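Novice: Below is one structure. I have some questions about it.
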Amino acid sequence: MRHPSVIAKTLGIGYALLACSSLQLHAQQTLPNTPPLPHSIYSGPQGDHHVQGIAYDKERQCVYMSFTNTFIKLDLQGRLIGSVTGLTGHLGCMALNPDDGCVYASLEYKHDIIGKGLQKGIDPDMIDKTNGFYVAIFDPDLITRPLMPISEVMKTVFLKEPTRDYEDTISIGDKKIPHRFGCSGIDGLTFAPAWGKKKGPNKVYVAYAVYGDTTRTDNDYQVILCYDIRKLKKFAQPLSQQHLHHSGPDKPEEKYFLRTGNTEWGIQNLTYDASSGHMLAAVYPGKKKGWPNYSLFVIDGNQKPKKQKLQGFHQTVRGKVLQLLPSGLHDQATDTWGWNLKYGDTGLCALGNGYFYISHHARDKQTGKQCTTLHLYHWDGHSWRMVE
């Protein structure tokens with residue numbers, strides 16, 4: 001999800017970054033247990049909307065990408081196998097469910113600046129006037145040709161919790177402030193066992209998108225919901241975009257909080273690294289003064305959530321708070337750990353043994369269309385290295 005200023009930067013005005021010395025990123029010729037995968041995969045020019053999420057499918061030997069309103073399936077040489085079009089909502093971060101082989105992605109329908117941008121030029125009668133946040137489930141085996149309609153390959157589950165927080169207001173004195181926790185919807189999504197366990201049934205974790213409001217103090221937490229996949233799938237239905245369904249669980253199994261400082265649009269990409277047991281969250285850096293405003297955070301999978309009073313709220317709010325991994329850069333004033341990684345906010349996918357595919361988004365020079373190249377990276381728990 002992108003703020004207009006961030007969109008403009010993507011279009012070529014330039015993305016202001018912190019000094020390269022803080023990236024802790026460098027190439028290295030030899031790395032341990034390098035997977036037999038292409039070091040880069042180019043998507044080809046795709047459309048007017050930038051890439052939002054990526055997933056790797058070892059069994060089918062292909063990759064999947066979300067270009068906001070289009071789902072594409074490529075082989076490992078970057079050749080198009082199939083695509084899904086016609087989405088009028090925002091398709092975000094995605095992940096392959098290892099248990100059923102389906103690709104799950106966050107999907108939003110709303111009417112703020114993001115929603116209106118996606119709905120521009122669409123017949124108003126074709127748009128539901130309500131808000132709806134969904135987990136979209138794609139069957140990759142059915143995606144066999146370009147320009148397939150969503151009715152043939154996708155089902156969805158409605159998420160009531162983020163929809164309620166998005167539509168809710170909070171009271172500060174005599175003022176009503178919209179969007180509880182600063183919720184602007186959902187984006188980051190991944191699969192992992194129950195928190196703190198490296199084995200057992202996978203759960204699906206869905207992260208809030210959060211408005212980048214620097215005037216609030218109650219939006220400095222990332223919010224991550226946890227759902228039982230088996231229960232979630234029982235609610236799955238085909239989606240009519242003209243009449244959004246509300247088939248979904250009443251509440252998540254767990255609701256976690258992670259204090260990082262406010263970020264632009266919350267967690268953009270979330271991925272679970274099974275080899276370390278940690279979860280990684282890529283964000284558009286925040287703009288609040290007094291915070292380090294890192295672009296990447298690692299959530300410590302070895303630390304149990306701590307039930308505590310959330311900071312910055314005008315009324316007492318308690319929640320289960322996750323802990324940041326004490327590695328990378330450290331801001332002592334806020335006790336915040338993280339990295340300033342240039343890429344990852346448009347695609348971050350763990351491959352195992354410390355390897356990741358990371359999206360380098362761009363515009364194709366010949367066509368002007370959005371594109372990306374997935375590059376192979378290695379993370380040793382401290383520093384990031386692109387595999388050359």
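By order of appearance in the structure tokens: chains A, B, ..., then residues from 1 within every chain, and ligands from 1 in the order shown.
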Using backbone DSSP assignments, extract all strand (DSSP E or B) residues from segment 90-179 of chain A; output them as a PyMOL selection string.
Specialist: chain A and resi 90-96+103-109+132-138+148-149+154-158+169-172+175-178
Novice: Which polymer residues have any atom within 8 Å of an atom of Val51 of chain A, counting only C-alpha atoms, with same-chain residues fewer than 6 positions away left out, as a list of chain:residue names?
Specialist: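 Within the cut-off, the hits are A:Met65, A:Ser66, A:Phe67, A:Thr68, A:Thr346, A:Gly347, A:His361, A:Gln370, A:Cys371, A:Thr372.
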Novice: Next, dump the selected residues to file, keeping only C-alpha atoms, as a PDB file, in the first residue's frame.
Specialist:
```
ATOM      1  CA  MET A  65       3.678 -11.986  -7.762  1.00  0.00           C
ATOM      2  CA  SER A  66       0.991  -9.470  -6.905  1.00  0.00           C
ATOM      3  CA  PHE A  67       0.944  -6.310  -8.991  1.00  0.00           C
ATOM      4  CA  THR A  68      -1.786  -4.662  -6.854  1.00  0.00           C
ATOM      5  CA  THR A 346       7.509  -4.761  -2.303  1.00  0.00           C
ATOM      6  CA  GLY A 347       8.444  -8.401  -1.880  1.00  0.00           C
ATOM      7  CA  HIS A 361      10.826  -2.851  -8.073  1.00  0.00           C
ATOM      8  CA  GLN A 370       5.870  -1.453 -13.565  1.00  0.00           C
ATOM      9  CA  CYS A 371       8.149  -4.452 -13.167  1.00  0.00           C
ATOM     10  CA  THR A 372      10.409  -6.147 -10.652  1.00  0.00           C
TER      11      THR A 372
END
```
Novice: Just want the 8 Å neighbourhood of Cys349 of chain A, counted on only C-alpha atoms, with same-chain residues fewer than 6 positions away dropped. Output as number ranges by chain.
Specialist: A: 54-56, 95, 271, 356-358
Novice: Residues of segment 320-364 of chain A that have any atom at most 10 Å from an atom of segment 241-257 of chain A: could you tabulate them with the shortest-distance atom pair and the distance in Å to one decimal, using only C-alpha atoms, ordered by chain and increasing number, as a tab-separated table?
Specialist:
```
residue	atom	partner	partner_atom	distance
A:Lys320	CA	A:Tyr256	CA	5.1
A:Val321	CA	A:Phe257	CA	4.6
A:Leu322	CA	A:Phe257	CA	6.0
A:Gln323	CA	A:Phe257	CA	9.0
```
Novice: Rounded to one decimal place, report the atom CA of Asp331 of chain A-atom CA of Asp380 of chain A distance in Å.
Specialist: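 Computed distance, atom CA of Asp331 of chain A to atom CA of Asp380 of chain A, equals 20.8 Å.
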Novice: Can you tell me, as an mmCIF file with all heavy atoms, in the first residue's frame, which residues in segment 77-252 of chain A count as helix (DSSP H, G or I) by DSSP?
Specialist:
```cif
data_model
loop_
_atom_site.group_PDB
_atom_site.id
_atom_site.type_symbol
_atom_site.label_atom_id
_atom_site.label_comp_id
_atom_site.auth_asym_id
_atom_site.auth_seq_id
_atom_site.Cartn_x
_atom_site.Cartn_y
_atom_site.Cartn_z
ATOM 1 N N ILE A 113 -7.833 6.974 0.068
ATOM 2 C CA ILE A 113 -7.048 7.378 -1.089
ATOM 3 C C ILE A 113 -6.543 6.176 -1.892
ATOM 4 O O ILE A 113 -6.450 6.235 -3.126
ATOM 5 C CB ILE A 113 -5.865 8.285 -0.655
ATOM 6 C CG1 ILE A 113 -5.216 8.918 -1.868
ATOM 7 C CG2 ILE A 113 -4.873 7.520 0.208
ATOM 8 C CD1 ILE A 113 -4.213 10.004 -1.515
ATOM 9 N N ILE A 114 -6.256 5.071 -1.221
ATOM 10 C CA ILE A 114 -5.809 3.869 -1.917
ATOM 11 C C ILE A 114 -6.950 3.278 -2.732
ATOM 12 O O ILE A 114 -6.813 2.987 -3.921
ATOM 13 C CB ILE A 114 -5.277 2.830 -0.918
ATOM 14 C CG1 ILE A 114 -4.029 3.366 -0.210
ATOM 15 C CG2 ILE A 114 -4.968 1.520 -1.620
ATOM 16 C CD1 ILE A 114 -2.822 3.547 -1.098
ATOM 17 N N GLY A 115 -8.100 3.085 -2.084
ATOM 18 C CA GLY A 115 -9.245 2.496 -2.763
ATOM 19 C C GLY A 115 -9.713 3.327 -3.941
ATOM 20 O O GLY A 115 -10.009 2.801 -5.025
ATOM 21 N N LYS A 116 -9.785 4.636 -3.748
ATOM 22 C CA LYS A 116 -10.250 5.506 -4.823
ATOM 23 C C LYS A 116 -9.296 5.480 -6.007
ATOM 24 O O LYS A 116 -9.724 5.578 -7.161
ATOM 25 C CB LYS A 116 -10.419 6.932 -4.288
ATOM 26 C CG LYS A 116 -11.599 7.086 -3.330
ATOM 27 C CD LYS A 116 -11.698 8.501 -2.779
ATOM 28 C CE LYS A 116 -12.874 8.634 -1.814
ATOM 29 N NZ LYS A 116 -12.950 9.988 -1.226
ATOM 30 N N GLY A 117 -7.997 5.349 -5.720
ATOM 31 C CA GLY A 117 -7.028 5.271 -6.807
ATOM 32 C C GLY A 117 -7.221 4.024 -7.646
ATOM 33 O O GLY A 117 -7.122 4.071 -8.877
ATOM 34 N N LEU A 118 -7.525 2.900 -6.994
ATOM 35 C CA LEU A 118 -7.733 1.652 -7.714
ATOM 36 C C LEU A 118 -9.074 1.630 -8.453
ATOM 37 O O LEU A 118 -9.218 0.946 -9.468
ATOM 38 C CB LEU A 118 -7.664 0.470 -6.739
ATOM 39 C CG LEU A 118 -6.281 0.139 -6.189
ATOM 40 C CD1 LEU A 118 -6.387 -0.876 -5.066
ATOM 41 C CD2 LEU A 118 -5.389 -0.407 -7.293
ATOM 42 N N GLN A 119 -10.047 2.373 -7.929
ATOM 43 C CA GLN A 119 -11.386 2.360 -8.522
ATOM 44 C C GLN A 119 -11.578 3.410 -9.611
ATOM 45 O O GLN A 119 -12.626 3.477 -10.248
ATOM 46 C CB GLN A 119 -12.418 2.589 -7.417
ATOM 47 C CG GLN A 119 -12.454 1.476 -6.383
ATOM 48 C CD GLN A 119 -13.060 1.903 -5.066
ATOM 49 O OE1 GLN A 119 -13.615 2.999 -4.942
ATOM 50 N NE2 GLN A 119 -12.952 1.049 -4.053
ATOM 51 N N PRO A 124 -19.124 3.029 -11.195
ATOM 52 C CA PRO A 124 -19.494 3.003 -9.764
ATOM 53 C C PRO A 124 -20.476 1.897 -9.413
ATOM 54 O O PRO A 124 -20.484 1.408 -8.278
ATOM 55 C CB PRO A 124 -20.109 4.392 -9.539
ATOM 56 C CG PRO A 124 -19.494 5.246 -10.593
ATOM 57 C CD PRO A 124 -19.326 4.360 -11.786
ATOM 58 N N ASP A 125 -21.302 1.492 -10.358
ATOM 59 C CA ASP A 125 -22.255 0.412 -10.096
ATOM 60 C C ASP A 125 -21.566 -0.935 -9.941
ATOM 61 O O ASP A 125 -22.192 -1.906 -9.494
ATOM 62 C CB ASP A 125 -23.280 0.333 -11.227
ATOM 63 C CG ASP A 125 -24.193 1.556 -11.262
ATOM 64 O OD1 ASP A 125 -24.363 2.195 -10.206
ATOM 65 O OD2 ASP A 125 -24.720 1.867 -12.346
ATOM 66 N N MET A 126 -20.291 -0.998 -10.324
ATOM 67 C CA MET A 126 -19.539 -2.240 -10.208
ATOM 68 C C MET A 126 -18.735 -2.304 -8.914
ATOM 69 O O MET A 126 -17.963 -3.238 -8.714
ATOM 70 C CB MET A 126 -18.581 -2.376 -11.404
ATOM 71 C CG MET A 126 -19.265 -2.362 -12.765
ATOM 72 S SD MET A 126 -20.362 -3.782 -12.971
ATOM 73 C CE MET A 126 -19.156 -5.103 -13.113
ATOM 74 N N PRO A 140 -3.026 -22.518 -7.483
ATOM 75 C CA PRO A 140 -2.061 -22.336 -8.575
ATOM 76 C C PRO A 140 -2.243 -23.316 -9.726
ATOM 77 O O PRO A 140 -1.909 -22.997 -10.873
ATOM 78 C CB PRO A 140 -0.708 -22.541 -7.890
ATOM 79 C CG PRO A 140 -0.954 -22.323 -6.440
ATOM 80 C CD PRO A 140 -2.352 -22.809 -6.209
ATOM 81 N N ASP A 141 -2.750 -24.509 -9.438
ATOM 82 C CA ASP A 141 -2.918 -25.498 -10.505
ATOM 83 C C ASP A 141 -3.950 -25.054 -11.540
ATOM 84 O O ASP A 141 -3.942 -25.534 -12.680
ATOM 85 C CB ASP A 141 -3.329 -26.846 -9.916
ATOM 86 C CG ASP A 141 -2.191 -27.516 -9.155
ATOM 87 O OD1 ASP A 141 -1.014 -27.272 -9.506
ATOM 88 O OD2 ASP A 141 -2.473 -28.266 -8.206
ATOM 89 N N LEU A 142 -4.839 -24.161 -11.142
ATOM 90 C CA LEU A 142 -5.868 -23.681 -12.062
ATOM 91 C C LEU A 142 -5.403 -22.492 -12.899
ATOM 92 O O LEU A 142 -6.076 -22.114 -13.869
ATOM 93 C CB LEU A 142 -7.138 -23.298 -11.285
ATOM 94 C CG LEU A 142 -7.800 -24.411 -10.471
ATOM 95 C CD1 LEU A 142 -9.010 -23.866 -9.723
ATOM 96 C CD2 LEU A 142 -8.198 -25.578 -11.367
ATOM 97 N N ILE A 150 -11.117 -13.837 -11.730
ATOM 98 C CA ILE A 150 -10.982 -14.313 -10.350
ATOM 99 C C ILE A 150 -11.988 -15.414 -10.036
ATOM 100 O O ILE A 150 -11.740 -16.255 -9.160
ATOM 101 C CB ILE A 150 -11.122 -13.154 -9.341
ATOM 102 C CG1 ILE A 150 -12.491 -12.485 -9.447
ATOM 103 C CG2 ILE A 150 -10.002 -12.146 -9.527
ATOM 104 C CD1 ILE A 150 -12.748 -11.450 -8.366
ATOM 105 N N SER A 151 -13.115 -15.445 -10.733
ATOM 106 C CA SER A 151 -14.152 -16.439 -10.451
ATOM 107 C C SER A 151 -13.669 -17.862 -10.696
ATOM 108 O O SER A 151 -14.217 -18.812 -10.135
ATOM 109 C CB SER A 151 -15.393 -16.166 -11.309
ATOM 110 O OG SER A 151 -15.056 -16.195 -12.692
ATOM 111 N N GLU A 152 -12.628 -18.036 -11.498
ATOM 112 C CA GLU A 152 -12.155 -19.379 -11.840
ATOM 113 C C GLU A 152 -11.096 -19.903 -10.884
ATOM 114 O O GLU A 152 -10.868 -21.114 -10.818
ATOM 115 C CB GLU A 152 -11.589 -19.394 -13.261
ATOM 116 C CG GLU A 152 -12.634 -19.161 -14.348
ATOM 117 C CD GLU A 152 -12.058 -19.359 -15.745
ATOM 118 O OE1 GLU A 152 -10.993 -20.010 -15.875
ATOM 119 O OE2 GLU A 152 -12.665 -18.853 -16.711
ATOM 120 N N VAL A 153 -10.433 -19.011 -10.146
ATOM 121 C CA VAL A 153 -9.242 -19.469 -9.409
ATOM 122 C C VAL A 153 -9.172 -18.993 -7.968
ATOM 123 O O VAL A 153 -8.289 -19.418 -7.219
ATOM 124 C CB VAL A 153 -7.957 -19.016 -10.135
ATOM 125 C CG1 VAL A 153 -7.875 -19.599 -11.531
ATOM 126 C CG2 VAL A 153 -7.861 -17.498 -10.181
ATOM 127 N N LYS A 160 -13.219 -10.040 10.029
ATOM 128 C CA LYS A 160 -14.023 -9.052 10.757
ATOM 129 C C LYS A 160 -13.169 -8.146 11.652
ATOM 130 O O LYS A 160 -13.473 -6.966 11.805
ATOM 131 C CB LYS A 160 -15.086 -9.763 11.599
ATOM 132 C CG LYS A 160 -16.092 -10.560 10.772
ATOM 133 C CD LYS A 160 -17.137 -11.232 11.653
ATOM 134 C CE LYS A 160 -18.110 -12.061 10.811
ATOM 135 N NZ LYS A 160 -19.134 -12.741 11.638
ATOM 136 N N GLU A 161 -12.116 -8.708 12.228
ATOM 137 C CA GLU A 161 -11.326 -7.945 13.203
ATOM 138 C C GLU A 161 -10.707 -6.683 12.587
ATOM 139 O O GLU A 161 -10.892 -5.574 13.121
ATOM 140 C CB GLU A 161 -10.240 -8.828 13.818
ATOM 141 C CG GLU A 161 -9.465 -8.181 14.939
ATOM 142 C CD GLU A 161 -10.203 -8.173 16.274
ATOM 143 O OE1 GLU A 161 -11.322 -8.731 16.337
ATOM 144 O OE2 GLU A 161 -9.665 -7.620 17.253
ATOM 145 N N PRO A 162 -9.959 -6.782 11.484
ATOM 146 C CA PRO A 162 -9.399 -5.551 10.927
ATOM 147 C C PRO A 162 -10.452 -4.620 10.350
ATOM 148 O O PRO A 162 -10.272 -3.386 10.363
ATOM 149 C CB PRO A 162 -8.443 -6.051 9.845
ATOM 150 C CG PRO A 162 -8.931 -7.408 9.499
ATOM 151 C CD PRO A 162 -9.492 -7.972 10.767
ATOM 152 N N THR A 163 -11.549 -5.191 9.869
ATOM 153 C CA THR A 163 -12.624 -4.340 9.345
ATOM 154 C C THR A 163 -13.229 -3.505 10.465
ATOM 155 O O THR A 163 -13.484 -2.306 10.299
ATOM 156 C CB THR A 163 -13.706 -5.191 8.658
ATOM 157 O OG1 THR A 163 -13.090 -6.030 7.662
ATOM 158 C CG2 THR A 163 -14.743 -4.303 7.979
ATOM 159 N N ARG A 164 -13.411 -4.125 11.632
ATOM 160 C CA ARG A 164 -13.942 -3.391 12.784
ATOM 161 C C ARG A 164 -12.977 -2.310 13.225
ATOM 162 O O ARG A 164 -13.376 -1.167 13.507
ATOM 163 C CB ARG A 164 -14.220 -4.351 13.948
ATOM 164 C CG ARG A 164 -15.503 -5.168 13.808
ATOM 165 C CD ARG A 164 -15.837 -5.879 15.107
ATOM 166 N NE ARG A 164 -14.882 -6.929 15.403
ATOM 167 C CZ ARG A 164 -15.154 -8.234 15.336
ATOM 168 N NH1 ARG A 164 -16.359 -8.642 14.961
ATOM 169 N NH2 ARG A 164 -14.247 -9.132 15.630
ATOM 170 N N ASP A 165 -11.675 -2.651 13.309
ATOM 171 C CA ASP A 165 -10.701 -1.653 13.750
ATOM 172 C C ASP A 165 -10.582 -0.514 12.744
ATOM 173 O O ASP A 165 -10.367 0.644 13.125
ATOM 174 C CB ASP A 165 -9.333 -2.308 13.975
ATOM 175 C CG ASP A 165 -9.273 -3.091 15.283
ATOM 176 O OD1 ASP A 165 -10.110 -2.824 16.170
ATOM 177 O OD2 ASP A 165 -8.393 -3.953 15.429
ATOM 178 N N TYR A 166 -10.705 -0.811 11.475
ATOM 179 C CA TYR A 166 -10.645 0.224 10.444
ATOM 180 C C TYR A 166 -11.824 1.183 10.569
ATOM 181 O O TYR A 166 -11.680 2.405 10.441
ATOM 182 C CB TYR A 166 -10.645 -0.426 9.063
ATOM 183 C CG TYR A 166 -10.701 0.557 7.917
ATOM 184 C CD1 TYR A 166 -9.576 1.274 7.526
ATOM 185 C CD2 TYR A 166 -11.888 0.778 7.217
ATOM 186 C CE1 TYR A 166 -9.625 2.179 6.480
ATOM 187 C CE2 TYR A 166 -11.949 1.681 6.166
ATOM 188 C CZ TYR A 166 -10.805 2.370 5.808
ATOM 189 O OH TYR A 166 -10.873 3.278 4.757
ATOM 190 N N GLU A 167 -13.006 0.646 10.835
ATOM 191 C CA GLU A 167 -14.220 1.465 10.885
ATOM 192 C C GLU A 167 -14.463 2.081 12.257
ATOM 193 O O GLU A 167 -15.272 2.998 12.384
ATOM 194 C CB GLU A 167 -15.425 0.615 10.480
ATOM 195 C CG GLU A 167 -15.357 0.150 9.023
ATOM 196 C CD GLU A 167 -16.522 -0.741 8.626
ATOM 197 O OE1 GLU A 167 -17.189 -1.288 9.557
ATOM 198 O OE2 GLU A 167 -16.779 -0.893 7.420
ATOM 199 N N ARG A 180 -9.080 2.630 14.779
ATOM 200 C CA ARG A 180 -8.443 2.085 15.974
ATOM 201 C C ARG A 180 -7.078 1.491 15.607
ATOM 202 O O ARG A 180 -6.940 0.817 14.586
ATOM 203 C CB ARG A 180 -9.349 1.020 16.590
ATOM 204 C CG ARG A 180 -8.861 0.440 17.907
ATOM 205 C CD ARG A 180 -9.958 -0.429 18.513
ATOM 206 N NE ARG A 180 -9.505 -1.179 19.654
ATOM 207 C CZ ARG A 180 -9.417 -0.695 20.896
ATOM 208 N NH1 ARG A 180 -9.746 0.565 21.118
ATOM 209 N NH2 ARG A 180 -9.007 -1.443 21.892
ATOM 210 N N PHE A 181 -6.079 1.772 16.430
ATOM 211 C CA PHE A 181 -4.677 1.381 16.207
ATOM 212 C C PHE A 181 -4.104 2.014 14.935
ATOM 213 O O PHE A 181 -3.059 1.583 14.449
ATOM 214 C CB PHE A 181 -4.518 -0.146 16.138
ATOM 215 C CG PHE A 181 -5.062 -0.880 17.325
ATOM 216 C CD1 PHE A 181 -6.099 -1.793 17.185
ATOM 217 C CD2 PHE A 181 -4.564 -0.651 18.593
ATOM 218 C CE1 PHE A 181 -6.615 -2.469 18.273
ATOM 219 C CE2 PHE A 181 -5.068 -1.324 19.704
ATOM 220 C CZ PHE A 181 -6.102 -2.224 19.536
ATOM 221 N N GLY A 182 -4.792 3.002 14.378
ATOM 222 C CA GLY A 182 -4.353 3.593 13.111
ATOM 223 C C GLY A 182 -4.567 2.679 11.929
ATOM 224 O O GLY A 182 -3.987 2.891 10.852
ATOM 225 N N ILE A 229 -5.733 -22.028 10.157
ATOM 226 C CA ILE A 229 -6.018 -22.153 8.724
ATOM 227 C C ILE A 229 -7.190 -23.088 8.466
ATOM 228 O O ILE A 229 -8.053 -22.818 7.619
ATOM 229 C CB ILE A 229 -4.777 -22.657 7.963
ATOM 230 C CG1 ILE A 229 -3.600 -21.713 8.187
ATOM 231 C CG2 ILE A 229 -5.075 -22.777 6.472
ATOM 232 C CD1 ILE A 229 -2.283 -22.263 7.685
ATOM 233 N N ARG A 230 -7.242 -24.193 9.193
ATOM 234 C CA ARG A 230 -8.303 -25.164 8.954
ATOM 235 C C ARG A 230 -9.677 -24.569 9.241
ATOM 236 O O ARG A 230 -10.638 -24.803 8.493
ATOM 237 C CB ARG A 230 -8.067 -26.411 9.813
ATOM 238 C CG ARG A 230 -6.809 -27.186 9.425
ATOM 239 C CD ARG A 230 -6.424 -28.199 10.469
ATOM 240 N NE ARG A 230 -6.064 -27.542 11.732
ATOM 241 C CZ ARG A 230 -5.652 -28.193 12.811
ATOM 242 N NH1 ARG A 230 -5.551 -29.510 12.782
ATOM 243 N NH2 ARG A 230 -5.347 -27.545 13.910
ATOM 244 N N LYS A 231 -9.783 -23.775 10.294
ATOM 245 C CA LYS A 231 -11.050 -23.121 10.597
ATOM 246 C C LYS A 231 -11.343 -22.004 9.602
ATOM 247 O O LYS A 231 -12.486 -21.795 9.192
ATOM 248 C CB LYS A 231 -11.026 -22.569 12.020
ATOM 249 C CG LYS A 231 -10.937 -23.649 13.098
ATOM 250 C CD LYS A 231 -10.881 -23.031 14.487
ATOM 251 C CE LYS A 231 -10.784 -24.106 15.560
ATOM 252 N NZ LYS A 231 -10.690 -23.521 16.937
ATOM 253 N N LEU A 232 -10.276 -21.301 9.202
ATOM 254 C CA LEU A 232 -10.433 -20.180 8.284
ATOM 255 C C LEU A 232 -10.998 -20.643 6.939
ATOM 256 O O LEU A 232 -11.909 -20.012 6.376
ATOM 257 C CB LEU A 232 -9.078 -19.499 8.080
ATOM 258 C CG LEU A 232 -9.082 -18.093 7.492
ATOM 259 C CD1 LEU A 232 -9.515 -17.083 8.537
ATOM 260 C CD2 LEU A 232 -7.693 -17.729 6.967
ATOM 261 N N LYS A 233 -10.483 -21.745 6.427
ATOM 262 C CA LYS A 233 -10.877 -22.205 5.093
ATOM 263 C C LYS A 233 -12.340 -22.620 5.010
ATOM 264 O O LYS A 233 -12.933 -22.626 3.927
ATOM 265 C CB LYS A 233 -9.983 -23.365 4.660
ATOM 266 C CG LYS A 233 -8.559 -22.938 4.323
ATOM 267 C CD LYS A 233 -7.745 -24.108 3.814
ATOM 268 C CE LYS A 233 -8.222 -24.581 2.453
ATOM 269 N NZ LYS A 233 -7.353 -25.636 1.906
#
```
Novice: Taking into account only C-alpha atoms, which residue in the set A:Met148, A:Ile177, A:Ala281, A:Val157 is nearest to Ala209 of chain A?
Specialist: A:Ala281
Novice: Kindly indicate which residue among A:Asn293, A:Ser184, A:Thr156, A:Thr70 lies nearest to Val135 of chain A, using only C-alpha atoms for the distances.
Specialist: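 Of A:Asn293, A:Ser184, A:Thr156, A:Thr70, the one nearest Val135 of chain A, counting only C-alpha atoms, is A:Thr156.
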Novice: For segment 187-197 of chain A, list every protein, DNA or RNA residue within 8 Å, evaluated using only C-alpha atoms, and leave out those in the same chain fewer than 6 positions away; present the list as a PyMOL selection string.
Specialist: chain A and resi 1+92-97+104-107+203-209+266-272+274+277+281+301-304
Novice: I'd like to know which of A:Gln52, A:Gln77, A:Ser240, A:Thr130 is closest to Lys155 of chain A, using only C-alpha atoms.
Specialist: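 Smallest distance to Lys155 of chain A is found for A:Ser240.
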Novice: Please tabulate, as a Markdown table, the residues of segment 314-366 of chain A that come within 12 Å of segment 29-38 of chain A, each with its closest pair of atoms and the distance in Å to one decimal, counting only C-alpha atoms and ordering rows by chain, then residue number upward.
Specialist:
```
| residue | atom | partner | partner_atom | distance |
| --- | --- | --- | --- | --- |
| A:Ala350 | CA | A:Pro35 | CA | 11.8 |
| A:Leu351 | CA | A:Pro35 | CA | 8.4 |
| A:Gly352 | CA | A:Pro35 | CA | 8.6 |
| A:Asn353 | CA | A:Asn33 | CA | 7.3 |
| A:Gly354 | CA | A:Pro32 | CA | 9.2 |
| A:Tyr355 | CA | A:Thr34 | CA | 7.7 |
| A:Phe356 | CA | A:Pro35 | CA | 10.1 |
| A:Tyr357 | CA | A:Pro38 | CA | 9.9 |
```
Novice: Find, counting only C-alpha atoms, the residue in A:Gly173, A:Pro45, A:Pro98, A:Gly319 that gets nearest to Leu225 of chain A.
Specialist: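 Residue with the minimum atom-to-atom distance to Leu225 of chain A: A:Gly319.
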Novice: Pick the closest to Gln222 of chain A from A:His382, A:Lys198, A:Lys309, A:Arg259: which is it, counting only C-alpha atoms?
Specialist: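 Closest residue, counting only C-alpha atoms: A:Arg259.
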Novice: Within 6 Å of Asp300 of chain A, counting only C-alpha atoms, which residues show up once you throw out same-chain ones fewer than 4 positions away? Write them as a PyMOL selection string, please.
Specialist: chain A and resi 278+323-325
